[in-house]
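Data file: query-v6.cif. Format and content: mmCIF, C-alpha atoms.
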```cif
data_data
#
loop_
_atom_site.group_PDB
_atom_site.id
_atom_site.type_symbol
_atom_site.label_atom_id
_atom_site.label_comp_id
_atom_site.auth_asym_id
_atom_site.auth_seq_id
_atom_site.Cartn_x
_atom_site.Cartn_y
_atom_site.Cartn_z
ATOM 1 C CA ARG A 1 25.405 18.743 -16.744
ATOM 2 C CA THR A 2 23.456 16.311 -18.899
ATOM 3 C CA LYS A 3 22.516 12.758 -18.036
ATOM 4 C CA LEU A 4 22.109 10.258 -20.800
ATOM 5 C CA TYR A 5 20.198 7.027 -20.270
ATOM 6 C CA ILE A 6 20.480 4.279 -22.855
ATOM 7 C CA ARG A 7 19.117 0.794 -23.285
ATOM 8 C CA VAL A 8 20.943 -1.882 -25.174
ATOM 9 C CA ALA A 9 19.302 -4.502 -27.348
ATOM 10 C CA GLY A 10 18.879 -7.943 -25.871
ATOM 11 C CA GLU A 11 17.330 -9.544 -22.851
ATOM 12 C CA VAL A 12 17.328 -7.469 -19.684
ATOM 13 C CA ARG A 13 15.933 -8.142 -16.241
ATOM 14 C CA GLU A 14 13.460 -5.546 -14.987
ATOM 15 C CA SER A 15 12.127 -5.949 -11.475
ATOM 16 C CA GLY A 16 11.349 -3.813 -8.515
ATOM 17 C CA GLN A 17 8.911 -3.220 -5.701
ATOM 18 C CA VAL A 18 7.581 -0.682 -3.267
ATOM 19 C CA LEU A 19 9.360 -1.574 -0.038
ATOM 20 C CA THR A 20 7.658 0.770 2.408
ATOM 21 C CA TRP A 21 5.251 3.630 2.700
ATOM 22 C CA GLN A 22 5.589 5.387 6.011
ATOM 23 C CA VAL A 23 3.015 7.885 7.213
ATOM 24 C CA PRO A 24 3.131 8.300 11.013
ATOM 25 C CA ASN A 25 -0.389 8.464 12.484
ATOM 26 C CA LEU A 26 0.426 11.366 14.842
ATOM 27 C CA GLN A 27 2.526 14.204 13.464
ATOM 28 C CA PHE A 28 3.566 17.789 14.001
ATOM 29 C CA PRO A 29 3.135 20.032 10.932
ATOM 30 C CA PRO A 30 4.203 19.598 8.154
ATOM 31 C CA LEU A 31 2.546 16.273 7.335
ATOM 32 C CA LYS A 32 5.283 13.937 6.060
ATOM 33 C CA GLN A 33 5.335 10.748 4.017
ATOM 34 C CA LEU A 34 8.203 8.493 2.958
ATOM 35 C CA ILE A 35 8.081 5.960 0.121
ATOM 36 C CA ARG A 36 10.957 3.570 -0.598
ATOM 37 C CA ILE A 37 11.104 1.905 -4.034
ATOM 38 C CA GLU A 38 13.624 -0.852 -4.727
ATOM 39 C CA ASN A 39 15.110 -1.712 -8.133
ATOM 40 C CA SER A 40 16.245 -5.351 -8.055
ATOM 41 C CA GLY A 41 16.688 -5.522 -11.820
ATOM 42 C CA ALA A 42 19.558 -4.764 -14.186
ATOM 43 C CA VAL A 43 18.315 -1.488 -15.732
ATOM 44 C CA TYR A 44 16.866 1.729 -14.381
ATOM 45 C CA PHE A 45 13.158 2.423 -14.524
ATOM 46 C CA PRO A 46 11.023 5.494 -13.918
ATOM 47 C CA ALA A 47 8.494 5.448 -11.071
ATOM 48 C CA THR A 48 5.632 7.897 -10.703
ATOM 49 C CA VAL A 49 4.516 8.553 -7.137
ATOM 50 C CA HIS A 50 1.074 10.074 -6.642
ATOM 51 C CA THR A 51 -0.395 10.707 -3.171
ATOM 52 C CA THR A 52 -3.432 12.679 -2.047
ATOM 53 C CA VAL A 53 -4.233 14.132 1.367
ATOM 54 C CA ARG A 54 -7.947 14.605 2.095
ATOM 55 C CA ASP A 55 -9.769 15.978 5.111
ATOM 56 C CA VAL A 56 -12.218 13.766 7.028
ATOM 57 C CA PHE A 57 -15.043 14.914 4.751
ATOM 58 C CA GLY A 58 -13.191 13.706 1.620
ATOM 59 C CA SER A 59 -12.168 17.087 0.212
ATOM 60 C CA PRO A 60 -8.677 17.031 -1.345
ATOM 61 C CA LYS A 61 -6.240 19.292 0.517
ATOM 62 C CA TYR A 62 -2.853 18.367 -1.002
ATOM 63 C CA ASP A 63 -1.886 16.462 -4.123
ATOM 64 C CA PHE A 64 1.651 15.246 -4.847
ATOM 65 C CA LYS A 65 2.768 13.726 -8.147
ATOM 66 C CA GLN A 66 6.381 13.225 -9.154
ATOM 67 C CA ARG A 67 8.357 10.994 -11.483
ATOM 68 C CA ARG A 68 11.676 9.622 -10.220
ATOM 69 C CA SER A 69 14.299 7.334 -11.741
ATOM 70 C CA VAL A 70 15.192 4.210 -9.786
ATOM 71 C CA PHE A 71 18.622 2.819 -10.603
ATOM 72 C CA PRO A 72 19.645 -0.877 -10.595
ATOM 73 C CA GLY A 73 20.526 -2.290 -7.195
ATOM 74 C CA LYS A 74 19.369 0.898 -5.433
ATOM 75 C CA ILE A 75 16.522 1.977 -3.203
ATOM 76 C CA ARG A 76 14.953 5.338 -4.093
ATOM 77 C CA LYS A 77 13.550 7.324 -1.193
ATOM 78 C CA VAL A 78 10.761 9.730 -2.052
ATOM 79 C CA GLU A 79 10.146 12.152 0.813
ATOM 80 C CA ILE A 80 6.923 14.134 0.685
ATOM 81 C CA ALA A 81 6.112 17.074 2.966
ATOM 82 C CA TRP A 82 2.938 19.166 2.861
ATOM 83 C CA ASP A 83 4.355 22.556 3.821
ATOM 84 C CA LYS A 84 0.975 24.248 4.311
ATOM 85 C CA THR A 85 -0.381 21.712 6.803
ATOM 86 C CA PRO A 86 -2.805 23.347 9.269
ATOM 87 C CA ALA A 87 -1.981 23.386 13.000
ATOM 88 C CA PHE A 88 -4.670 20.796 13.707
ATOM 89 C CA GLY A 89 -6.547 18.278 11.586
ATOM 90 C CA LEU A 90 -7.436 14.679 10.874
ATOM 91 C CA PHE A 91 -6.499 13.591 7.364
ATOM 92 C CA LYS A 92 -6.826 10.553 5.108
ATOM 93 C CA VAL A 93 -3.783 9.856 2.918
ATOM 94 C CA ASP A 94 -3.680 7.434 -0.016
ATOM 95 C CA GLY A 95 -1.996 7.064 -3.380
ATOM 96 C CA THR A 96 -0.338 4.908 -6.010
ATOM 97 C CA VAL A 97 3.117 4.155 -7.355
ATOM 98 C CA GLU A 98 3.384 3.388 -11.070
ATOM 99 C CA TYR A 99 6.474 1.533 -12.261
ATOM 100 C CA LEU A 100 7.393 -1.192 -14.752
ATOM 101 C CA GLY A 101 3.958 -1.049 -16.367
ATOM 102 C CA LYS A 102 2.003 -1.636 -13.190
ATOM 103 C CA SER A 103 0.201 0.557 -10.678
ATOM 104 C CA GLU A 104 0.547 -0.364 -7.011
ATOM 105 C CA PRO A 105 -1.967 1.218 -4.618
ATOM 106 C CA LEU A 106 -0.733 2.566 -1.294
ATOM 107 C CA ALA A 107 -2.842 1.582 1.717
ATOM 108 C CA VAL A 108 -5.061 4.290 3.192
ATOM 109 C CA GLN A 109 -3.513 5.958 6.246
ATOM 110 C CA TYR A 110 -5.221 8.240 8.763
ATOM 111 C CA VAL A 111 -3.101 11.002 10.249
ATOM 112 C CA LEU A 112 -3.771 13.333 13.163
ATOM 113 C CA VAL A 113 -1.748 16.526 12.825
ATOM 114 C CA ALA A 114 -1.397 18.722 15.898
ATOM 115 C CA SER A 115 1.100 21.496 16.433
ATOM 116 C CA LYS A 116 2.974 21.807 19.735
ATOM 117 C CA THR A 117 0.679 24.638 20.786
ATOM 118 C CA VAL A 118 -2.440 22.549 20.139
ATOM 119 C CA ARG A 119 -0.939 19.572 22.006
ATOM 120 C CA ASN A 120 -0.024 21.790 24.974
ATOM 121 C CA ILE A 121 -3.545 23.254 25.126
ATOM 122 C CA ALA A 122 -5.060 19.753 24.945
ATOM 123 C CA THR A 123 -2.756 18.517 27.730
ATOM 124 C CA ILE A 124 -3.635 21.463 29.987
ATOM 125 C CA ALA A 125 -7.366 20.966 29.292
ATOM 126 C CA PHE A 126 -7.062 17.251 30.127
ATOM 127 C CA ILE A 127 -5.264 18.002 33.410
ATOM 128 C CA LEU A 128 -7.870 20.616 34.378
ATOM 129 C CA ILE A 129 -10.768 18.255 33.618
ATOM 130 C CA LEU A 130 -9.090 15.459 35.575
ATOM 131 C CA ALA A 131 -8.455 17.783 38.544
ATOM 132 C CA PHE A 132 -12.094 18.944 38.432
ATOM 133 C CA LEU A 133 -13.357 15.340 38.455
ATOM 134 C CA ILE A 134 -11.086 14.387 41.372
ATOM 135 C CA PHE A 135 -12.133 17.423 43.436
ATOM 136 C CA ARG A 136 -15.801 16.775 42.677
ATOM 137 C CA TRP A 137 -15.435 13.138 43.761
ATOM 138 C CA LEU A 138 -13.669 14.193 46.993
ATOM 139 C CA TYR A 139 -16.337 16.858 47.708
ATOM 140 C CA ARG A 140 -19.198 14.382 47.221
ATOM 141 C CA ARG A 141 -17.454 11.780 49.339
ATOM 142 C CA ARG A 142 -16.955 14.293 52.178
ATOM 143 C CA LYS A 143 -20.570 15.450 51.862
ATOM 144 C CA ARG A 144 -21.833 11.835 52.163
ATOM 145 C CA LYS A 145 -19.729 11.265 55.303
ATOM 146 C CA ARG A 146 -21.160 14.410 56.924
ATOM 147 C CA ALA A 147 -24.686 13.302 56.071
ATOM 148 C CA LYS A 148 -24.084 9.903 57.694
ATOM 149 C CA VAL A 149 -22.732 11.545 60.852
ATOM 150 C CA LEU A 150 -25.766 13.841 61.122
ATOM 151 C CA GLN A 151 -28.177 10.950 60.551
ATOM 152 C CA ALA A 152 -26.576 8.614 63.114
ATOM 153 C CA PRO A 153 -28.592 8.304 66.355
ATOM 154 C CA ILE A 154 -27.049 9.940 69.407
ATOM 155 C CA GLN A 155 -26.322 7.454 72.166
ATOM 156 C CA GLY A 156 -28.067 7.920 75.477
ATOM 157 C CA GLU A 157 -31.392 9.141 74.061
#
```

Could the structure of this file be written out as structure tokens, please?
Amino acid sequence: RTKLYIRVAGEVRESGQVLTWQVPNLQFPPLKQLIRIENSGAVYFPATVHTTVRDVFGSPKYDFKQRRSVFPGKIRKVEIAWDKTPAFGLFKVDGTVEYLGKSEPLAVQYVLVASKTVRNIATIAFILILAFLIFRWLYRRRKRKRAKVLQAPIQGE
């Protein structure tokens, strides 16, 4: 099946915009991104999406670059998933979308990726630390009360 794109001579209206770039700040693996590009013109145009995922130290971990056609009156969704996302990590995601002779930067997003196992371990650790702090507070409180009782003068002496 072959697609043929043609342009006719004459004045045409070319316009479009990046509607949204969604990168949730807390995710399970794989790290996902969604870009929506709108074509509000009368002819199709190609758009090149380029995003980069870096670790907190700035080292690139995943690079995505793809060219997609955006048809008149349509919104093109570009879904990006980093399949080899580690179970835990803090990442910085940025990029650009090039279309209609311009390059639009995508705002920097920070993403914390944690698998269900990592989240469960963190929850259990939090509960244990909280329980320890409560028991320690109760123990110290009880110890202070006993000390006050022992220090109080006995009546009749």

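Straight-line separation from CA of Ser15 in chain A to CA of Gly73 in chain A: 10.1 Å.
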
Item checked: Spatial sel., origin (3.8, 12.9, -11.3), limit 9 Å, all atoms listed in the file, listed as an MDAnalysis selection string -> chainID A and resid 47:50 64:68

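The closest residue to Arg36 in chain A, picked from A:Lys77, A:Lys102, A:Lys84, A:Lys116 and counting all atoms listed in the file, is A:Lys77.
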
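The set of residues that the PyMOL selection byres ((chain A and resi 17) around 7) takes from this file is Gly16, Val18, Leu19, Ile37, Glu38 and Asn39 of chain A.
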
Residues near Ala81 in chain A, cut-off 8 Å, only C-alpha atoms, skip fewer than 3 positions along chain, as an mmCIF file with C-alpha atoms, in the coordinates of the input:
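Final file, result-v9.cif:
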```
data_model
loop_
_atom_site.group_PDB
_atom_site.id
_atom_site.type_symbol
_atom_site.label_atom_id
_atom_site.label_comp_id
_atom_site.auth_asym_id
_atom_site.auth_seq_id
_atom_site.Cartn_x
_atom_site.Cartn_y
_atom_site.Cartn_z
ATOM 1 C CA PRO A 30 4.203 19.598 8.154
ATOM 2 C CA LEU A 31 2.546 16.273 7.335
ATOM 3 C CA LYS A 32 5.283 13.937 6.060
ATOM 4 C CA GLN A 33 5.335 10.748 4.017
#
```

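If you look at CA of Ile121 in chain A and CA of Trp82 in chain A, they are 23.5 Å away from each other.
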
Polymer residues at most 7 Å from Ser69 in chain A, only C-alpha atoms, same-chain spacing of 5 or more positions, as a PDB file with C-alpha atoms, in the frame of the given file:
```pdb
ATOM      1  CA  TYR A  44      16.866   1.729 -14.381  1.00  0.00           C
ATOM      2  CA  PHE A  45      13.158   2.423 -14.524  1.00  0.00           C
ATOM      3  CA  PRO A  46      11.023   5.494 -13.918  1.00  0.00           C
ATOM      4  CA  ALA A  47       8.494   5.448 -11.071  1.00  0.00           C
TER       5      ALA A  47
END
```
